[in-house]
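Undergrad: Provided below: query08.tsv, containing TSV, C-alpha atoms.
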chain	number	residue	atom	x	y	z
Q	1	MET	CA	12.00	-17.20	-33.44
Q	2	ASN	CA	11.67	-16.03	-37.05
Q	3	PHE	CA	10.38	-12.66	-38.21
Q	4	ASP	CA	6.93	-13.98	-39.11
Q	5	GLU	CA	6.49	-15.04	-35.48
Q	6	ILE	CA	7.92	-11.76	-34.22
Q	7	LEU	CA	5.48	-9.76	-36.34
Q	8	ARG	CA	2.56	-11.83	-35.11
Q	9	GLN	CA	3.48	-11.95	-31.42
Q	10	THR	CA	4.16	-8.20	-31.18
Q	11	ARG	CA	1.17	-7.24	-33.38
Q	12	ALA	CA	3.59	-5.46	-35.70
Q	13	ASP	CA	1.80	-7.11	-38.63
Q	14	LEU	CA	-1.18	-4.87	-37.76
Q	15	CYS	CA	0.80	-1.65	-38.27
Q	16	LEU	CA	-1.42	0.96	-39.94
Q	17	ASP	CA	1.52	3.04	-41.18
Q	18	CYS	CA	-0.04	6.03	-39.38
Q	19	GLY	CA	3.28	7.32	-38.05
Q	20	LYS	CA	2.13	7.98	-34.48
Q	21	CYS	CA	5.06	5.94	-33.19
Q	22	THR	CA	7.59	7.99	-35.12
Q	23	GLY	CA	5.87	11.23	-34.13
Q	24	SER	CA	6.09	10.21	-30.46
Q	25	CYS	CA	9.61	8.76	-30.45
Q	26	PRO	CA	12.16	10.75	-28.40
Q	27	VAL	CA	14.98	9.34	-30.53
Q	28	THR	CA	13.39	10.63	-33.73
Q	29	ARG	CA	13.14	14.12	-32.27
Q	30	VAL	CA	16.92	14.21	-31.98
Q	31	ASP	CA	17.76	12.01	-34.98
Q	32	PRO	CA	15.13	12.43	-37.75
Q	33	THR	CA	16.70	9.56	-39.73
Q	34	TYR	CA	15.34	7.11	-37.14
Q	35	SER	CA	11.74	5.92	-37.43
Q	36	PRO	CA	9.95	3.07	-35.63
Q	37	ARG	CA	7.49	2.90	-38.52
Q	38	SER	CA	10.31	2.47	-41.06
Q	39	THR	CA	11.95	-0.16	-38.86
Q	40	ILE	CA	8.81	-2.31	-38.92
Q	41	GLU	CA	8.28	-1.54	-42.62
Q	42	ARG	CA	11.61	-3.16	-43.52
Q	43	VAL	CA	10.36	-6.46	-42.14
Q	44	LEU	CA	6.79	-6.16	-43.40
Q	45	SER	CA	8.11	-5.56	-46.91
Q	46	GLY	CA	10.33	-8.65	-46.77
Q	47	ARG	CA	13.66	-6.93	-46.06
Q	48	PRO	CA	14.59	-8.15	-42.55
Q	49	GLU	CA	18.30	-8.32	-43.45
Q	50	GLU	CA	18.29	-4.54	-43.87
Q	51	LEU	CA	17.11	-4.20	-40.29
Q	52	ILE	CA	19.52	-6.74	-38.81
Q	53	HIS	CA	22.51	-4.92	-40.25
Q	54	ASN	CA	21.24	-1.40	-39.54
Q	55	GLU	CA	22.41	0.57	-36.50
Q	56	HIS	CA	18.84	1.81	-36.09
Q	57	LEU	CA	17.94	-1.57	-34.61
Q	58	TRP	CA	20.01	-0.59	-31.54
Q	59	ALA	CA	18.86	3.03	-31.35
Q	60	CYS	CA	15.47	2.27	-29.78
Q	61	LEU	CA	15.29	3.08	-26.05
Q	62	THR	CA	12.44	0.57	-25.54
Q	63	CYS	CA	10.84	3.37	-23.50
Q	64	GLY	CA	7.36	2.32	-24.63
Q	65	LEU	CA	6.04	5.79	-25.41
Q	66	CYS	CA	5.18	4.73	-28.96
Q	67	THR	CA	3.20	1.70	-27.78
Q	68	THR	CA	1.02	3.80	-25.46
Q	69	ARG	CA	-0.11	5.80	-28.50
Q	70	CYS	CA	-0.35	3.07	-31.13
Q	71	PRO	CA	-3.94	2.54	-32.38
Q	72	SER	CA	-3.12	-1.11	-33.19
Q	73	ASN	CA	-1.42	-1.80	-29.83
Q	74	VAL	CA	1.80	-2.79	-31.57
Q	75	ASP	CA	4.38	-3.71	-28.92
Q	76	TYR	CA	7.29	-2.00	-30.64
Q	77	PRO	CA	9.81	-2.48	-27.79
Q	78	ALA	CA	9.11	-6.24	-27.83
Q	79	PHE	CA	9.53	-6.23	-31.61
Q	80	VAL	CA	12.92	-4.54	-31.26
Q	81	VAL	CA	14.16	-6.87	-28.51
Q	82	ALA	CA	13.12	-9.95	-30.49
Q	83	ALA	CA	14.78	-8.58	-33.63
Q	84	ARG	CA	17.98	-7.98	-31.66
Q	85	SER	CA	17.95	-11.63	-30.62
Q	86	VAL	CA	17.84	-12.62	-34.30
Q	87	ALA	CA	20.65	-10.14	-35.03
Q	88	ARG	CA	22.83	-11.65	-32.28
Q	89	GLN	CA	22.43	-15.06	-33.91
Q	90	ALA	CA	23.91	-13.45	-37.02
Q	91	ALA	CA	26.81	-12.11	-34.87
Q	92	VAL	CA	25.52	-8.52	-35.07
Q	93	GLU	CA	25.42	-6.36	-31.93
Q	94	GLY	CA	25.04	-2.70	-31.09
Q	95	THR	CA	27.69	-0.22	-29.97
Q	96	TYR	CA	28.01	-0.69	-26.22
Q	97	ALA	CA	28.68	2.24	-23.90
Q	98	HIS	CA	31.57	2.40	-21.43
Q	99	ASN	CA	33.65	-0.05	-23.48
Q	100	ALA	CA	31.08	-2.79	-22.82
Q	101	VAL	CA	32.11	-3.05	-19.15
Q	102	MET	CA	28.54	-3.70	-18.02
Q	103	GLN	CA	28.07	-6.44	-20.62
Q	104	GLU	CA	31.30	-8.08	-19.44
Q	105	LEU	CA	30.22	-7.86	-15.81
Q	106	MET	CA	26.86	-9.44	-16.58
Q	107	GLY	CA	28.59	-12.25	-18.42
Q	108	ILE	CA	30.93	-12.82	-15.48
Q	109	MET	CA	28.04	-12.83	-13.02
Q	110	ALA	CA	26.37	-15.59	-15.04
Q	111	LEU	CA	29.36	-17.83	-14.19
Q	112	PRO	CA	29.69	-19.91	-10.99
Q	113	ILE	CA	31.80	-17.36	-9.12
Q	114	ARG	CA	31.86	-15.98	-5.59
Q	115	GLN	CA	31.18	-12.31	-4.97
Q	116	LYS	CA	31.57	-9.89	-2.08
Q	117	ARG	CA	28.94	-7.37	-2.95
Q	118	THR	CA	27.57	-6.36	0.46
Q	119	GLY	CA	30.42	-4.09	1.56
Q	120	TRP	CA	28.08	-1.11	1.21
Q	121	LEU	CA	26.11	-2.14	4.31
Q	122	ALA	CA	26.68	0.38	7.08
Q	123	ASP	CA	26.73	-0.11	10.84
Q	124	GLY	CA	23.28	-0.06	12.33
Q	125	LEU	CA	21.50	-1.52	9.31
Q	126	LYS	CA	19.50	-4.61	10.24
Q	127	THR	CA	19.64	-7.41	7.68
Q	128	VAL	CA	19.32	-11.19	7.87
Q	129	THR	CA	20.38	-14.24	5.87
Q	130	GLN	CA	17.00	-15.96	6.11
Q	131	GLY	CA	13.62	-14.27	6.18
Q	132	ASP	CA	10.37	-13.34	4.50
Q	133	ASP	CA	11.69	-10.26	2.69
Q	134	PHE	CA	14.59	-10.21	0.23
Q	135	TYR	CA	16.05	-6.86	-0.88
Q	136	PHE	CA	17.30	-7.23	-4.45
Q	137	VAL	CA	20.06	-4.64	-4.68
Q	138	GLY	CA	20.94	-5.23	-8.33
Q	139	CYS	CA	24.04	-3.64	-9.86
Q	140	LEU	CA	24.28	-0.66	-7.50
Q	141	PRO	CA	27.64	-1.75	-5.98
Q	142	TYR	CA	29.14	-1.94	-9.47
Q	143	PHE	CA	27.69	1.44	-10.45
Q	144	ASP	CA	29.58	3.03	-7.54
Q	145	VAL	CA	32.86	1.99	-9.15
Q	146	LEU	CA	31.96	2.68	-12.79
Q	147	PHE	CA	30.42	6.11	-12.25
Q	148	GLU	CA	32.56	7.47	-9.44
Q	149	ASP	CA	33.54	10.40	-11.68
Q	150	LEU	CA	29.92	11.61	-11.72
Q	151	GLY	CA	29.83	11.91	-7.95
Q	152	VAL	CA	26.84	9.54	-7.88
Q	153	VAL	CA	26.95	7.00	-5.04
Q	154	SER	CA	24.29	4.53	-6.08
Q	155	THR	CA	24.53	2.45	-2.91
Q	156	ASP	CA	23.38	5.41	-0.83
Q	157	ALA	CA	19.91	4.60	-2.18
Q	158	ALA	CA	20.41	0.97	-1.06
Q	159	ARG	CA	21.38	2.05	2.45
Q	160	ALA	CA	18.41	4.43	2.52
Q	161	ALA	CA	16.13	1.61	1.38
Q	162	VAL	CA	17.28	-0.69	4.19
Q	163	ARG	CA	16.89	2.12	6.75
Q	164	LEU	CA	13.33	2.74	5.59
Q	165	MET	CA	12.53	-0.97	5.72
Q	166	ASN	CA	14.03	-1.15	9.21
Q	167	ALA	CA	11.82	1.79	10.23
Q	168	LEU	CA	8.85	-0.32	9.15
Q	169	GLY	CA	10.07	-3.27	11.20
Q	170	ILE	CA	11.48	-5.16	8.21
Q	171	ALA	CA	14.97	-6.67	8.35
Q	172	PRO	CA	15.51	-7.81	4.76
Q	173	VAL	CA	17.75	-10.54	3.41
Q	174	VAL	CA	20.74	-9.03	1.59
Q	175	SER	CA	22.91	-11.56	-0.21
Q	176	ASP	CA	26.45	-11.76	-1.57
Q	177	ASP	CA	25.18	-14.43	-3.98
Q	178	GLU	CA	22.64	-12.22	-5.76
Q	179	ARG	CA	23.49	-11.38	-9.40
Q	180	CYS	CA	22.44	-8.77	-11.94
Q	181	CYS	CA	18.79	-9.27	-12.89
Q	182	GLY	CA	19.88	-9.61	-16.54
Q	183	ALA	CA	17.44	-7.05	-17.94
Q	184	ASP	CA	20.15	-5.37	-20.02
Q	185	LEU	CA	21.20	-8.67	-21.58
Q	186	LEU	CA	17.61	-9.35	-22.58
Q	187	LEU	CA	17.20	-5.83	-23.99
Q	188	ASN	CA	20.20	-6.49	-26.22
Q	189	GLY	CA	18.95	-9.85	-27.43
Q	190	ASP	CA	20.99	-12.19	-25.19
Q	191	VAL	CA	18.18	-14.48	-24.09
Q	192	GLN	CA	20.48	-17.28	-22.91
Q	193	GLY	CA	22.56	-14.97	-20.73
Q	194	PHE	CA	19.35	-13.56	-19.26
Q	195	ARG	CA	18.07	-17.06	-18.51
Q	196	ARG	CA	21.30	-18.04	-16.72
Q	197	LEU	CA	21.14	-15.00	-14.44
Q	198	ALA	CA	17.44	-15.55	-13.77
Q	199	GLU	CA	18.04	-19.16	-12.73
Q	200	ILE	CA	20.88	-18.19	-10.38
Q	201	ASN	CA	18.84	-15.43	-8.74
Q	202	LEU	CA	15.85	-17.68	-8.23
Q	203	ARG	CA	18.02	-20.30	-6.50
Q	204	VAL	CA	19.50	-17.64	-4.21
Q	205	ILE	CA	16.08	-16.23	-3.30
Q	206	ALA	CA	14.62	-19.71	-2.74
Q	207	ALA	CA	17.49	-20.54	-0.37
Q	208	SER	CA	16.68	-17.42	1.67
Q	209	GLY	CA	13.09	-18.52	2.27
Q	210	ALA	CA	11.78	-15.15	1.06
Q	211	LYS	CA	8.09	-14.68	0.29
Q	212	ARG	CA	8.53	-11.15	-1.04
Q	213	VAL	CA	11.32	-9.53	-3.10
Q	214	ILE	CA	11.71	-5.76	-2.82
Q	215	PHE	CA	13.46	-3.62	-5.44
Q	216	THR	CA	14.69	-0.05	-5.76
Q	217	CYS	CA	15.49	-0.58	-9.46
Q	218	PRO	CA	12.51	-0.42	-11.87
Q	219	GLU	CA	14.32	-2.52	-14.49
Q	220	GLY	CA	14.84	-5.22	-11.89
Q	221	VAL	CA	11.25	-5.35	-10.70
Q	222	ASN	CA	10.00	-5.28	-14.31
Q	223	ALA	CA	12.35	-8.13	-15.26
Q	224	PHE	CA	11.12	-10.25	-12.35
Q	225	ARG	CA	7.45	-9.38	-12.77
Q	226	HIS	CA	7.22	-9.65	-16.56
Q	227	ASP	CA	10.30	-11.32	-18.06
Q	228	TYR	CA	11.34	-13.99	-15.54
Q	229	PRO	CA	8.01	-15.88	-15.73
Q	230	ALA	CA	8.41	-16.05	-19.52
Q	231	VAL	CA	11.73	-17.93	-19.24
Q	232	VAL	CA	11.58	-19.75	-15.89
Q	233	GLY	CA	7.86	-20.02	-15.10
Q	234	ALA	CA	5.66	-18.53	-12.38
Q	235	LEU	CA	7.53	-17.03	-9.41
Q	236	PRO	CA	6.81	-18.38	-5.90
Q	237	PHE	CA	7.10	-14.97	-4.24
Q	238	GLU	CA	5.67	-11.44	-4.43
Q	239	VAL	CA	7.58	-8.78	-6.39
Q	240	VAL	CA	7.31	-5.10	-5.40
Q	241	HIS	CA	9.10	-1.82	-5.93
Q	242	LEU	CA	9.99	-0.13	-2.66
Q	243	THR	CA	7.74	2.85	-3.40
Q	244	GLU	CA	4.76	0.49	-3.68
Q	245	LEU	CA	5.56	-0.94	-0.25
Q	246	LEU	CA	6.14	2.46	1.33
Q	247	ALA	CA	2.93	3.92	-0.09
Q	248	GLU	CA	0.99	1.32	1.91
Q	249	HIS	CA	2.78	2.09	5.18
Q	250	MET	CA	3.46	5.82	5.17
Q	251	ASP	CA	1.50	6.23	8.41
Q	252	ALA	CA	4.06	4.02	10.16
Q	253	LEU	CA	6.95	6.35	9.37
Q	254	PRO	CA	7.71	9.33	11.68
Q	255	LEU	CA	7.82	11.87	8.87
Q	256	HIS	CA	8.82	15.51	9.26
Q	257	ALA	CA	7.79	18.00	6.57
Q	258	LEU	CA	10.73	18.90	4.35
Q	259	GLY	CA	9.18	22.06	2.96
Q	260	GLU	CA	10.97	21.72	-0.39
Q	261	THR	CA	9.75	22.07	-3.96
Q	262	VAL	CA	10.59	19.03	-6.07
Q	263	THR	CA	9.66	17.51	-9.40
Q	264	TYR	CA	9.50	13.82	-10.22
Q	265	HIS	CA	10.91	11.92	-13.20
Q	266	ASP	CA	8.90	8.80	-14.09
Q	267	PRO	CA	11.24	5.91	-15.01
Q	268	CYS	CA	9.97	4.10	-18.12
Q	269	ARG	CA	9.85	0.65	-16.50
Q	270	LEU	CA	8.15	1.82	-13.34
Q	271	GLY	CA	5.69	4.01	-15.20
Q	272	ARG	CA	4.68	2.83	-18.66
Q	273	TYR	CA	5.70	-0.80	-18.11
Q	274	LEU	CA	4.35	-1.35	-14.58
Q	275	ASP	CA	1.79	1.48	-14.29
Q	276	VAL	CA	3.31	2.64	-10.98
Q	277	TYR	CA	2.68	6.38	-11.04
Q	278	ASP	CA	0.88	7.19	-7.80
Q	279	ALA	CA	3.06	5.40	-5.22
Q	280	PRO	CA	6.22	7.50	-5.71
Q	281	ARG	CA	4.17	10.69	-5.75
Q	282	ALA	CA	2.36	9.67	-2.57
Q	283	ALA	CA	5.72	9.08	-0.90
Q	284	ILE	CA	7.04	12.47	-2.00
Q	285	ARG	CA	3.95	14.31	-0.73
Q	286	ALA	CA	4.01	12.37	2.55
Q	287	ALA	CA	7.55	13.67	3.05
Q	288	GLY	CA	6.15	17.18	3.12
Q	289	ALA	CA	7.60	18.20	-0.23
Q	290	THR	CA	5.65	20.28	-2.73
Q	291	LEU	CA	5.50	18.29	-5.97
Q	292	VAL	CA	5.34	20.24	-9.24
Q	293	GLU	CA	4.97	18.19	-12.41
Q	294	MET	CA	7.04	18.55	-15.53
Q	295	ARG	CA	5.25	19.22	-18.79
Q	296	ALA	CA	5.76	15.60	-19.84
Q	297	ASN	CA	4.83	13.35	-16.94
Q	298	ARG	CA	3.29	10.00	-16.06
Q	299	GLU	CA	2.52	8.01	-19.25
Q	300	ASN	CA	3.87	10.88	-21.37
Q	301	ALA	CA	7.14	11.20	-19.46
Q	302	LEU	CA	10.35	11.51	-21.43
Q	303	CYS	CA	12.90	8.69	-21.10
Q	304	CYS	CA	16.27	9.39	-19.43
Q	305	GLY	CA	17.84	8.79	-22.84
Q	306	SER	CA	19.77	5.54	-22.49
Q	307	THR	CA	18.81	1.90	-22.07
Q	308	GLY	CA	20.79	-1.33	-22.00
Q	309	TRP	CA	24.15	0.46	-21.85
Q	310	VAL	CA	24.10	0.82	-25.62
Q	311	HIS	CA	24.21	3.81	-28.01
Q	312	CYS	CA	25.01	6.43	-25.36
Q	313	GLY	CA	25.99	9.38	-27.55
Q	314	ARG	CA	24.67	12.57	-29.12
Q	315	CYS	CA	21.09	11.36	-29.25
Q	316	ALA	CA	21.06	10.30	-25.59
Q	317	LYS	CA	22.53	13.64	-24.54
Q	318	GLY	CA	19.89	15.49	-26.55
Q	319	ILE	CA	17.06	13.63	-24.82
Q	320	GLN	CA	18.62	14.08	-21.39
Q	321	THR	CA	19.13	17.79	-21.99
Q	322	THR	CA	15.48	18.20	-22.95
Q	323	ARG	CA	14.39	16.37	-19.81
Q	324	LEU	CA	16.59	18.47	-17.55
Q	325	HIS	CA	15.28	21.67	-19.10
Q	326	GLN	CA	11.74	20.41	-18.44
Q	327	ALA	CA	12.73	19.91	-14.80
Q	328	GLN	CA	14.31	23.36	-14.64
Q	329	ALA	CA	11.14	24.95	-16.01
Q	330	THR	CA	9.15	23.76	-12.96
Q	331	GLY	CA	11.27	25.89	-10.62
Q	332	ALA	CA	11.92	22.85	-8.43
Q	333	GLN	CA	14.98	22.64	-6.19
Q	334	ARG	CA	15.35	18.90	-6.69
Q	335	LEU	CA	14.66	16.37	-9.41
Q	336	ILE	CA	13.52	13.13	-7.77
Q	337	THR	CA	13.60	9.75	-9.45
Q	338	ALA	CA	13.06	6.15	-8.37
Q	339	CYS	CA	15.61	4.57	-10.73
Q	340	PRO	CA	19.39	4.35	-10.25
Q	341	LYS	CA	20.04	4.40	-14.00
Q	342	CYS	CA	17.93	7.52	-14.55
Q	343	ARG	CA	19.91	9.19	-11.79
Q	344	ILE	CA	23.22	8.23	-13.42
Q	345	HIS	CA	22.24	9.25	-16.95
Q	346	LEU	CA	20.70	12.58	-15.96
Q	347	SER	CA	23.62	13.36	-13.64
Q	348	CYS	CA	26.00	12.77	-16.53
Q	349	ALA	CA	24.15	15.24	-18.74
Q	350	LEU	CA	23.77	17.76	-15.91
Q	351	LYS	CA	27.55	18.12	-15.68
Q	352	ASP	CA	27.56	19.89	-19.06
Q	353	LEU	CA	24.59	22.19	-18.42
Q	354	ASP	CA	24.12	25.43	-16.52
Q	355	ILE	CA	21.09	24.16	-14.61
Q	356	ASP	CA	20.83	24.59	-10.84
Q	357	ILE	CA	18.93	21.52	-9.71
Q	358	LYS	CA	19.89	18.59	-7.49
Q	359	LEU	CA	19.16	14.97	-8.43
Q	360	GLU	CA	18.03	12.65	-5.66
Q	361	ASP	CA	16.61	9.17	-5.30
Q	362	VAL	CA	13.20	9.02	-3.64
Q	363	THR	CA	14.60	6.77	-0.90
Q	364	ASN	CA	17.09	9.45	0.16
Q	365	LEU	CA	14.34	12.07	0.13
Q	366	LEU	CA	12.25	9.93	2.48
Q	367	CYS	CA	15.20	9.22	4.77
Q	368	ARG	CA	15.71	12.95	5.16
Q	369	ALA	CA	12.03	13.33	6.01
Q	370	VAL	CA	12.26	10.59	8.62
Q	371	GLU	CA	15.55	12.12	9.80
Q	372	LEU	CA	17.49	8.90	9.19
Q	373	ASP	CA	21.19	8.90	8.41
Q	374	THR	CA	21.64	8.52	4.62
Q	375	ASP	CA	25.39	7.82	4.62
Write out the structure in this file as structure tokens.
TA:
Amino acid sequence: MNFDEILRQTRADLCLDCGKCTGSCPVTRVDPTYSPRSTIERVLSGRPEELIHNEHLWACLTCGLCTTRCPSNVDYPAFVVAARSVARQAAVEGTYAHNAVMQELMGIMALPIRQKRTGWLADGLKTVTQGDDFYFVGCLPYFDVLFEDLGVVSTDAARAAVRLMNALGIAPVVSDDERCCGADLLLNGDVQGFRRLAEINLRVIAASGAKRVIFTCPEGVNAFRHDYPAVVGALPFEVVHLTELLAEHMDALPLHALGETVTYHDPCRLGRYLDVYDAPRAAIRAAGATLVEMRANRENALCCGSTGWVHCGRCAKGIQTTRLHQAQATGAQRLITACPKCRIHLSCALKDLDIDIKLEDVTNLLCRAVELDTD
């Protein structure tokens, strides 16, 4: 794809130069040298090479806040992702976080290898190898290893998810053969790597006989719902985030009121990308928790500060610090999210702040309300 096509397909050629994107951008608030408007302007004025070789191309969080406020409906995140694909063809990439371990892992998972990724399953959890429901765990088992120093056990949310599904009478398929969804590769312009992972995952799910795929990761469900069809065609199964499923069946869960005050962080993919705002909140209220909203919530929610495992530095920390202070201002005891990456990134920032608030995945909150073991 060339830049003329990118401008047309993302509506960036209709930019009014009004600056609402830059005024809304969480990156710009920390780094005033960054501007979505200026990024598009480089291409509109015939200087795409300046963008390809500029670190600002990799600074965008693709959080989508700018697009929700753009009067021309410019899809700026899509513009950035497409431009990164062009940059990769010119052998230009961003600065990857954690020594590019996640990028290496995704590349390895795209190869014909065998994995043992279901060691997190605990005794008493009911799963199957063939069935109507497939639980797509994503990279949670790898996160446990990479972020052990943060004290975040990402697979506890996976165990909680299976327990909640079991409580609803669902024994999901959980597979050793599942791979990363590839969303991070796509975000960084690696379309071919994304396609390879998508094709592997679709073969695995087809072999399971699943009619519905359930996610606890917003990036995973967004990749399947929006990005997979673009590269592999229409999907032969339903795609849902666990909170969407639970919101429909809350009456079937033996809930006990928690009596806690919590606030909720909207993940960008679940909120602005998929418009799933009410389901997580319904689940939290059904658990008997008092929900107090942060100043920036729902479509105006602030990003967790890092996307695609790239450019995790001063700017990311600034955004995360702002978000945690917004949570603190509510007086809540817990900050609830429905995204494993948000939990990791905000936990990392919390280590350096004097803020007394606990971070928890919504699945763990619900397990406590149903009095299910979360270990």
Undergrad: Leaving out Q:Ala206 and any residue of its chain fewer than 2 positions from it, which residues lie within 12 Å of it when counting all atoms listed in the file, given as a list in words?
TA: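 Listing them by chain and then by number gives Thr129, Gln130, Gly131, Asp132, Asp133, Phe134, Val173, Ser175, Asp177, Glu178, Glu199, Ile200, Asn201, Leu202, Arg203, Val204, Ser208, Gly209, Ala210, Lys211, Arg212, Val213, Leu235, Pro236 and Phe237 of chain Q.
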Undergrad: Can you work out which one of Q:Ala296, Q:Ile205, Q:Val162, Q:Thr330 has the shortest atom-to-atom distance to Q:Leu125, counting all atoms listed in the file?
TA: Q:Val162
Undergrad: Considering only C-alpha atoms, can you say which of Q:Cys315, Q:Leu185, Q:Leu270, Q:Ile214 comes closest to Q:Pro172?
TA: Q:Ile214
Undergrad: Calculated over only C-alpha atoms, which of the candidates Q:Arg179, Q:Lys341, Q:Arg368, Q:His241 has the smallest distance to Q:Leu258?
TA: Q:Arg368
Undergrad: For atom CA of Q:Ala183 and atom CA of Q:Gly138, quote the distance in Å rounded to one decimal.
TA: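 Computed distance, atom CA of Q:Ala183 to atom CA of Q:Gly138, equals 10.4 Å.
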Undergrad: Using all atoms listed in the file - which residues lie no farther than 12 Å from the point (2.9, 6.0, -2.9) in the file's frame? Write them as number ranges by chain.
TA: Q: 241-251, 276-287, 338, 362-363, 366
Undergrad: Quick one, how far is atom CA of Q:Leu187 from atom CA of Q:Ile319?
TA: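 Atom CA of Q:Ile319 lies at a distance of 19.5 Å from atom CA of Q:Leu187.
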Undergrad: For atom CA of Q:Ile52 and atom CA of Q:Ala87, determine how far apart the two atoms are, in Å to one decimal place.
TA: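 So the answer is 5.2 Å.
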Undergrad: Have a look at Q:Arg334, Q:His98, Q:Arg272, Q:Lys317 and name the one nearest to Q:Thr290; count all atoms listed in the file.
TA: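 Of Q:Arg334, Q:His98, Q:Arg272, Q:Lys317, the one nearest Q:Thr290, counting all atoms listed in the file, is Q:Arg334.
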Undergrad: Of the candidates Q:Val174, Q:Ala257, Q:Cys180, Q:Tyr273, which shows the shortest atom-to-atom distance to Q:His226, using only C-alpha atoms?
TA: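 Using only C-alpha atoms, the shortest distance to Q:His226 belongs to Q:Tyr273.
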Undergrad: Place a sphere of radius 8 Å on (13.9, -16.2, -35.6) in the file coordinates and name every protein, DNA or RNA residue with an atom inside or on its surface, counting all atoms listed in the file; give the answer as a PyMOL selection string.
TA: chain Q and resi 1-3+5-6+83+85-86
Undergrad: Hey, which of Q:Ala252, Q:Cys312, Q:Leu16, Q:Ile344 ends up closest to Q:Gly169? Count only C-alpha atoms.
TA: Q:Ala252
Undergrad: Do a neighbour search on Q:Val292 at 9 Å with all atoms listed in the file, toss out local chain neighbours closer than 6 positions, and write the hits as a VMD selection string.
TA: chain Q and resid 261 to 264 330 to 332
Undergrad: Please determine an axis-aligned box that encloses all atoms of stretch 175-184 of chain Q listed in the file, with 4 Å added on each side, and express its centre and edge lengths in Å to one decimal as lines of an AutoDock Vina configuration file.
TA:
center_x = 21.9
center_y = -9.9
center_z = -10.1
size_x = 17.0
size_y = 17.1
size_z = 27.8
